[in-house]
>>> print(open('structure-v9.csv').read())   # CSV, C-alpha atoms
chain,number,residue,atom,x,y,z
A,1,MET,CA,94.3,-7.9,-17.6
A,2,ASN,CA,96.7,-6.0,-15.5
A,3,LEU,CA,94.3,-4.8,-12.9
A,4,ARG,CA,95.6,-4.5,-9.4
A,5,ARG,CA,92.0,-4.8,-8.2
A,6,ASP,CA,88.9,-6.4,-9.4
A,7,VAL,CA,86.4,-4.0,-11.0
A,8,PHE,CA,83.5,-5.7,-9.2
A,9,GLN,CA,85.3,-5.3,-5.9
A,10,ALA,CA,85.8,-1.6,-6.8
A,11,ILE,CA,82.1,-1.0,-7.4
A,12,ALA,CA,81.0,-3.2,-4.4
A,13,ASP,CA,81.9,-0.4,-2.1
A,14,PRO,CA,79.0,2.1,-1.5
A,15,THR,CA,81.3,5.2,-1.4
A,16,ARG,CA,82.9,4.3,-4.6
A,17,ARG,CA,79.5,3.7,-6.3
A,18,ALA,CA,78.5,7.1,-5.0
A,19,ILE,CA,81.7,8.6,-6.5
A,20,LEU,CA,81.0,6.9,-9.8
A,21,LEU,CA,77.5,8.3,-9.9
A,22,LEU,CA,78.7,11.8,-9.2
A,23,VAL,CA,81.3,11.6,-11.9
A,24,ALA,CA,78.9,10.0,-14.3
A,25,SER,CA,76.9,13.1,-14.5
A,26,GLN,CA,79.9,15.5,-14.9
A,27,ALA,CA,83.7,15.4,-14.7
A,28,LEU,CA,84.9,16.7,-11.4
A,29,THR,CA,88.1,17.5,-9.5
A,30,ALA,CA,89.2,15.4,-6.5
A,31,GLY,CA,88.3,18.4,-4.3
A,32,ALA,CA,84.8,18.8,-5.7
A,33,ILE,CA,84.2,15.0,-5.3
A,34,ALA,CA,85.5,15.1,-1.7
A,35,SER,CA,83.2,18.0,-0.8
A,36,ASN,CA,80.2,15.7,-1.4
A,37,PHE,CA,81.3,13.4,1.3
A,38,ASP,CA,81.7,13.7,5.1
A,39,THR,CA,84.5,11.1,4.7
A,40,ALA,CA,88.1,12.3,5.3
A,41,ARG,CA,89.8,13.7,2.2
A,42,PRO,CA,92.6,11.0,2.2
A,43,THR,CA,89.9,8.3,2.2
A,44,VAL,CA,88.2,9.8,-0.8
A,45,SER,CA,91.6,10.1,-2.5
A,46,LYS,CA,92.2,6.4,-1.8
A,47,HIS,CA,88.8,5.5,-3.4
A,48,LEU,CA,89.7,7.7,-6.5
A,49,GLN,CA,93.0,5.9,-6.7
A,50,ILE,CA,91.3,2.5,-6.7
A,51,LEU,CA,88.7,3.6,-9.3
A,52,THR,CA,91.5,5.0,-11.5
A,53,GLU,CA,93.6,1.8,-11.2
A,54,CYS,CA,90.6,-0.2,-12.3
A,55,GLU,CA,90.3,2.3,-15.2
A,56,LEU,CA,86.7,3.0,-14.3
A,57,LEU,CA,87.8,6.6,-13.9
A,58,GLU,CA,90.2,8.6,-16.0
A,59,GLN,CA,92.2,11.6,-15.1
A,60,LYS,CA,92.4,14.5,-17.5
A,61,GLN,CA,94.5,17.6,-17.1
A,62,ASN,CA,92.5,20.8,-17.7
A,63,GLY,CA,94.7,23.8,-17.1
A,64,ARG,CA,96.0,23.5,-13.5
A,65,GLU,CA,93.3,21.1,-12.4
A,66,ILE,CA,92.9,17.4,-12.8
A,67,TYR,CA,89.4,16.3,-13.6
A,68,TYR,CA,88.1,12.8,-13.1
A,69,HIS,CA,86.0,11.3,-16.0
A,70,ILE,CA,84.0,8.1,-16.2
A,71,ASN,CA,85.6,5.6,-18.6
A,72,ALA,CA,82.5,4.4,-20.3
A,73,LYS,CA,84.5,2.0,-22.6
A,74,LYS,CA,85.9,0.3,-19.6
A,75,MET,CA,82.5,-0.1,-18.1
A,76,LYS,CA,81.4,-1.8,-21.3
A,77,ASP,CA,84.4,-4.0,-21.4
A,78,VAL,CA,83.7,-5.6,-18.1
A,79,ALA,CA,82.2,-9.0,-19.0
A,80,ASP,CA,79.3,-9.4,-16.7
A,81,PHE,CA,78.0,-6.1,-15.4
A,82,ILE,CA,74.6,-7.7,-14.7
A,83,GLU,CA,75.8,-9.2,-11.4
A,84,PRO,CA,76.1,-6.0,-9.4
A,85,PHE,CA,72.8,-4.8,-10.9
A,86,ARG,CA,71.3,-8.1,-9.8
A,87,GLN,CA,72.8,-7.8,-6.3
A,88,MET,CA,71.4,-4.3,-6.0
A,89,TRP,CA,67.9,-5.6,-6.5
A,90,ASP,CA,68.6,-8.6,-4.4
A,91,ASP,CA,69.7,-6.4,-1.5
A,92,ARG,CA,66.6,-4.3,-1.9
A,93,PHE,CA,64.2,-7.2,-2.1
A,94,ASN,CA,66.0,-8.9,0.9
A,95,LYS,CA,65.3,-5.8,2.9
A,96,LEU,CA,61.6,-5.7,1.7
A,97,GLU,CA,61.3,-9.4,2.8
A,98,ALA,CA,62.8,-8.8,6.2
A,99,ILE,CA,60.7,-5.8,6.9
A,100,MET,CA,57.4,-7.5,5.8
A,101,LYS,CA,58.2,-10.6,7.8
A,102,ASN,CA,58.0,-8.4,10.9
A,103,TYR,CA,55.0,-6.4,9.7
A,104,LYS,CA,52.2,-6.3,12.2
A,105,PRO,CA,48.9,-5.2,10.6
A,106,LYS,CA,47.2,-2.3,12.3
A,107,LYS,CA,43.8,-3.4,13.5
B,1,MET,CA,72.2,-22.4,-4.6
B,2,GLU,CA,69.2,-21.1,-6.5
B,3,LEU,CA,69.3,-17.3,-6.7
B,4,LYS,CA,66.2,-15.6,-5.4
B,5,THR,CA,66.5,-12.6,-7.6
B,6,LYS,CA,67.1,-13.1,-11.3
B,7,ILE,CA,67.8,-10.8,-14.2
B,8,HIS,CA,67.0,-11.7,-17.7
B,9,ALA,CA,68.5,-9.3,-20.3
B,10,GLU,CA,69.0,-10.4,-23.9
B,11,ASN,CA,71.7,-8.9,-26.0
B,12,GLY,CA,70.5,-6.1,-28.3
B,13,GLN,CA,67.1,-5.6,-26.6
B,14,HIS,CA,66.0,-2.5,-24.9
B,15,ASP,CA,64.2,-4.2,-22.0
B,16,LEU,CA,64.9,-6.5,-19.1
B,17,VAL,CA,63.0,-8.7,-16.7
B,18,ILE,CA,63.7,-8.9,-12.9
B,19,THR,CA,62.1,-11.8,-11.1
B,20,ARG,CA,62.1,-12.5,-7.4
B,21,GLU,CA,60.4,-15.1,-5.2
B,22,PHE,CA,59.5,-14.0,-1.7
B,23,ASP,CA,58.9,-15.9,1.5
B,24,LEU,CA,55.9,-13.7,2.0
B,25,PRO,CA,52.2,-14.1,1.3
B,26,LEU,CA,51.1,-12.2,-1.8
B,27,GLU,CA,49.2,-9.6,0.3
B,28,LEU,CA,52.3,-8.7,2.4
B,29,LEU,CA,54.5,-8.4,-0.7
B,30,PHE,CA,52.0,-6.0,-2.3
B,31,LYS,CA,51.6,-4.0,0.8
B,32,ALA,CA,55.3,-3.2,0.7
B,33,TYR,CA,54.5,-1.3,-2.5
B,34,GLU,CA,51.3,0.1,-1.3
B,35,GLU,CA,52.1,1.9,1.9
B,36,PRO,CA,54.5,4.9,1.8
B,37,GLU,CA,56.0,4.2,5.2
B,38,LEU,CA,57.0,0.7,4.1
B,39,VAL,CA,58.3,1.9,0.7
B,40,GLU,CA,60.5,4.3,2.7
B,41,GLN,CA,61.9,1.6,4.8
B,42,TRP,CA,62.9,-0.9,2.1
B,43,MET,CA,63.8,1.6,-0.6
B,44,GLY,CA,65.8,3.7,1.9
B,45,THR,CA,64.4,6.8,0.5
B,46,LYS,CA,61.9,9.5,1.5
B,47,VAL,CA,58.5,9.2,-0.1
B,48,LEU,CA,57.3,12.7,-0.9
B,49,LYS,CA,54.2,11.5,-2.7
B,50,LEU,CA,52.7,8.1,-3.4
B,51,ASP,CA,49.3,8.2,-5.1
B,52,ASN,CA,48.7,4.6,-5.9
B,53,LYS,CA,45.9,4.7,-8.5
B,54,LYS,CA,45.4,5.1,-12.2
B,55,HIS,CA,46.5,8.6,-13.2
B,56,GLY,CA,48.4,8.7,-9.9
B,57,GLY,CA,52.1,9.2,-9.3
B,58,TYR,CA,55.0,9.2,-6.9
B,59,GLN,CA,58.0,11.2,-5.9
B,60,PHE,CA,61.0,9.9,-4.0
B,61,GLU,CA,63.9,11.9,-2.5
B,62,THR,CA,67.0,10.8,-0.7
B,63,SER,CA,69.4,13.0,1.3
B,64,ASP,CA,72.9,12.4,2.6
B,65,ALA,CA,74.1,12.9,6.2
B,66,LYS,CA,74.6,16.6,5.5
B,67,GLY,CA,71.0,17.0,4.3
B,68,ASN,CA,72.0,17.4,0.6
B,69,VAL,CA,69.5,15.8,-1.8
B,70,VAL,CA,71.5,13.1,-3.6
B,71,PHE,CA,68.7,11.3,-5.4
B,72,LYS,CA,65.3,12.3,-6.7
B,73,ALA,CA,63.0,10.2,-8.8
B,74,ASN,CA,59.4,10.4,-9.9
B,75,GLY,CA,56.9,8.6,-12.0
B,76,THR,CA,53.3,8.3,-13.1
B,77,ILE,CA,51.1,5.3,-12.2
B,78,HIS,CA,49.1,4.0,-15.1
B,79,GLU,CA,47.6,0.9,-13.6
B,80,PHE,CA,47.2,-0.1,-10.0
B,81,VAL,CA,45.4,-3.5,-9.4
B,82,PRO,CA,45.9,-4.6,-5.8
B,83,ASN,CA,47.7,-7.9,-5.4
B,84,GLN,CA,48.1,-8.2,-9.1
B,85,LYS,CA,49.7,-5.4,-11.1
B,86,ILE,CA,51.3,-2.0,-11.1
B,87,THR,CA,52.2,-0.2,-14.3
B,88,ARG,CA,54.3,2.9,-13.9
B,89,THR,CA,57.1,5.1,-15.3
B,90,PHE,CA,60.3,5.8,-13.5
B,91,GLU,CA,62.5,8.8,-14.0
B,92,MET,CA,65.6,9.9,-12.1
B,93,GLU,CA,65.7,13.6,-11.8
B,94,ASN,CA,68.9,15.6,-12.6
B,95,ALA,CA,70.3,12.5,-14.3
B,96,PRO,CA,71.1,12.0,-18.0
B,97,PHE,CA,68.7,9.0,-18.4
B,98,ASP,CA,65.4,9.0,-20.2
B,99,VAL,CA,62.3,7.8,-18.4
B,100,GLN,CA,61.6,4.1,-18.3
B,101,LEU,CA,58.4,2.1,-18.3
B,102,GLU,CA,57.9,-0.6,-15.6
B,103,PHE,CA,55.4,-3.4,-15.5
B,104,LEU,CA,55.2,-5.1,-12.1
B,105,GLU,CA,53.3,-8.3,-11.7
B,106,PHE,CA,52.5,-9.9,-8.4
B,107,GLU,CA,51.7,-13.6,-8.1
B,108,GLN,CA,50.8,-16.0,-5.3
B,109,LEU,CA,52.9,-19.1,-5.3
B,110,SER,CA,51.6,-20.7,-2.1
B,111,SER,CA,49.9,-19.3,1.0
B,112,ASP,CA,53.3,-18.2,2.3
B,113,THR,CA,55.2,-17.4,-0.9
B,114,SER,CA,54.8,-15.0,-3.8
B,115,LYS,CA,56.6,-13.8,-6.8
B,116,LEU,CA,57.3,-10.4,-8.4
B,117,THR,CA,58.0,-10.1,-12.1
B,118,MET,CA,59.3,-6.6,-13.1
B,119,HIS,CA,59.5,-5.9,-16.8
B,120,VAL,CA,61.4,-2.7,-17.5
B,121,VAL,CA,61.4,-1.1,-20.9
B,122,TYR,CA,64.1,1.5,-21.8
B,123,ARG,CA,64.1,4.0,-24.6
B,124,SER,CA,67.1,2.4,-26.3
B,125,VAL,CA,69.4,-0.6,-26.2
B,126,ALA,CA,72.2,1.8,-25.3
B,127,LEU,CA,70.3,3.2,-22.3
B,128,ARG,CA,69.4,-0.3,-21.1
B,129,ASP,CA,73.0,-1.3,-21.2
B,130,GLN,CA,74.0,1.8,-19.5
B,131,MET,CA,71.6,1.2,-16.7
B,132,LEU,CA,72.7,-2.4,-16.3
B,133,GLN,CA,76.3,-1.2,-16.2
B,134,LEU,CA,75.7,1.5,-13.7
B,135,PRO,CA,74.0,-0.4,-10.8
B,136,PHE,CA,75.1,2.3,-8.4
B,137,ALA,CA,72.9,4.7,-10.3
B,138,GLN,CA,69.7,3.1,-9.0
B,139,GLY,CA,71.4,1.8,-5.9
B,140,ILE,CA,72.5,5.3,-4.9
B,141,ASN,CA,69.9,5.5,-2.1
B,142,MET,CA,71.1,2.3,-0.6
B,143,ALA,CA,74.7,3.3,-1.1
B,144,HIS,CA,74.1,6.5,0.7
B,145,ASN,CA,72.3,4.8,3.5
B,146,ARG,CA,75.3,2.6,4.0
B,147,LEU,CA,77.6,5.6,3.6
B,148,GLN,CA,75.7,7.4,6.3
B,149,ASN,CA,76.0,4.4,8.6
B,150,ILE,CA,79.7,4.3,7.9
B,151,VAL,CA,80.1,8.0,8.5
B,152,ASN,CA,78.0,7.9,11.7
B,153,GLN,CA,80.2,5.1,13.0
B,154,LEU,CA,83.3,7.3,12.3
B,155,LYS,CA,81.8,10.2,14.3
>>> encode(input="structure-v9.csv", output="structure tokens")
Amino acid sequence: MNLRRDVFQAIADPTRRAILLLVASQALTAGAIASNFDTARPTVSKHLQILTECELLEQKQNGREIYYHINAKKMKDVADFIEPFRQMWDDRFNKLEAIMKNYKPKK
Amino acid sequence: MELKTKIHAENGQHDLVITREFDLPLELLFKAYEEPELVEQWMGTKVLKLDNKKHGGYQFETSDAKGNVVFKANGTIHEFVPNQKITRTFEMENAPFDVQLEFLEFEQLSSDTSKLTMHVVYRSVALRDQMLQLPFAQGINMAHNRLQNIVNQLK
């Protein structure tokens, strides 16, 4: 595999996950994606570049605009996509555990 | 190192099982699901409604730093047995995913430890695989919380 970056590393970043979710529901231009974030435009561009290099996103020319699409096939090709899913739940449950350890019942 | 959270998903099936052992007494674990303020804290989402009873339901909503709603979910509660079981549906709004059915079972392991078993049933194998492959979809609220923190640090 000629990936400059690891796919898991790509989706480990919360901004990139947010970008993938946005694009999962509809193809969008870089400008439209950036408008959803307070992050500086070049930072969003960098994220798009990483996601495109990992082939999780594909660029398609539509008239004068370039739209970003989700590459569903690539998502499927990745061997173990369960790990980030597991980590998501693990993070969530770790938080639950930490909060409840400090929980003081109201009397 | 033993993983605290485990996912069991067999090929070609349209369900999966998430298990987690907690260093918490059963009552505290269940309370985290029972009280809206606690759900808000660990899920990182706003709880608009949480009616924990048979025929009850819930509504969650998460906004980004700009106040735009980025995640909305709702469900119906079918069974609510304190410290034992919650059966509910989960549906993400404005997302191309069908509703899923969730069976949550709470068990006491010792006086200080407990276990949650979450059996999630999807409409199809394809949908389950899609949900497994798109962890950010359900993790969006967390992602946005982190995003907000990052953005706030930049300000």
>>> atom_distance(input="structure-v9.csv", atom1="CA of Leu104 in chain B", atom2="CA of Arg20 in chain B")
11.2 Å
>>> residues_around(input="structure-v9.csv", residues="Glu35 in chain B", least_positions_apart="4", cutoff="10 Å", atoms="all atoms listed in the file", output="list in words")
Phe30, Lys31, Val39, Glu40, Val47, Leu50, Asp51 and Asn52 of chain B
>>> write_last_selection(input="structure-v9.csv", atoms="C-alpha atoms", output="CSV table (one decimal), in the frame of the given file")
chain,number,residue,atom,x,y,z
B,30,PHE,CA,52.0,-6.0,-2.3
B,31,LYS,CA,51.6,-4.0,0.8
B,39,VAL,CA,58.3,1.9,0.7
B,40,GLU,CA,60.5,4.3,2.7
B,47,VAL,CA,58.5,9.2,-0.1
B,50,LEU,CA,52.7,8.1,-3.4
B,51,ASP,CA,49.3,8.2,-5.1
B,52,ASN,CA,48.7,4.6,-5.9
>>> closest_residue(input="structure-v9.csv", among="B:Leu29, B:Ile86, B:Leu16, B:Leu127", to="chain A", atoms="only C-alpha atoms")
B:Leu29
>>> residues_near_point(input="structure-v9.csv", point="(79.5, 10.6, -12.9)", cutoff="10 Å", atoms="all atoms listed in the file", output="PyMOL selection string")
(chain A and resi 17-28+33+57+68-71) or (chain B and resi 95-96+134+137)
>>> interface_residues(input="structure-v9.csv", of="chain A", to="chain B", cutoff="8 Å", atoms="all atoms listed in the file", output="ChimeraX atom specification")
/A:11,14-15,17-18,20-21,25,38-39,75-76,81-82,84-86,88-90,92-93,95-97,99-101
>>> closest_residue(input="structure-v9.csv", among="B:Gln13, B:Asn74, B:Ser63, B:Gln84", to="Val121 in chain B", atoms="only C-alpha atoms")
B:Gln13
>>> atom_distance(input="structure-v9.csv", atom1="CA of Gln49 in chain A", atom2="CA of Gln9 in chain A")
13.6 Å
>>> closest_residue(input="structure-v9.csv", among="B:Asp98, B:Glu91, B:Glu105, B:Asp15", to="Thr76 in chain B", atoms="all atoms listed in the file")
B:Glu91
>>> atom_distance(input="structure-v9.csv", atom1="CA of Ser114 in chain B", atom2="CA of Asn94 in chain A")
13.6 Å
>>> closest_residue(input="structure-v9.csv", among="A:Ala72, A:Ala34, A:Val7, A:Gln61", to="Leu48 in chain A", atoms="only C-alpha atoms")
A:Ala34
>>> residues_around(input="structure-v9.csv", residues="His78 in chain B", least_positions_apart="5", cutoff="9 Å", atoms="all atoms listed in the file", output="PDB file with C-alpha atoms, in the frame of the given file")
ATOM      1  CA  LYS B  53      45.900   4.700  -8.500  1.00  0.00           C
ATOM      2  CA  LYS B  54      45.400   5.100 -12.200  1.00  0.00           C
ATOM      3  CA  HIS B  55      46.500   8.600 -13.200  1.00  0.00           C
ATOM      4  CA  GLY B  56      48.400   8.700  -9.900  1.00  0.00           C
ATOM      5  CA  GLY B  57      52.100   9.200  -9.300  1.00  0.00           C
ATOM      6  CA  ILE B  86      51.300  -2.000 -11.100  1.00  0.00           C
ATOM      7  CA  THR B  87      52.200  -0.200 -14.300  1.00  0.00           C
ATOM      8  CA  ARG B  88      54.300   2.900 -13.900  1.00  0.00           C
ATOM      9  CA  THR B  89      57.100   5.100 -15.300  1.00  0.00           C
TER      10      THR B  89
END
>>> closest_residue(input="structure-v9.csv", among="B:Ile77, B:Val69, B:Val99, B:Gln108", to="Arg128 in chain B", atoms="all atoms listed in the file")
B:Val99
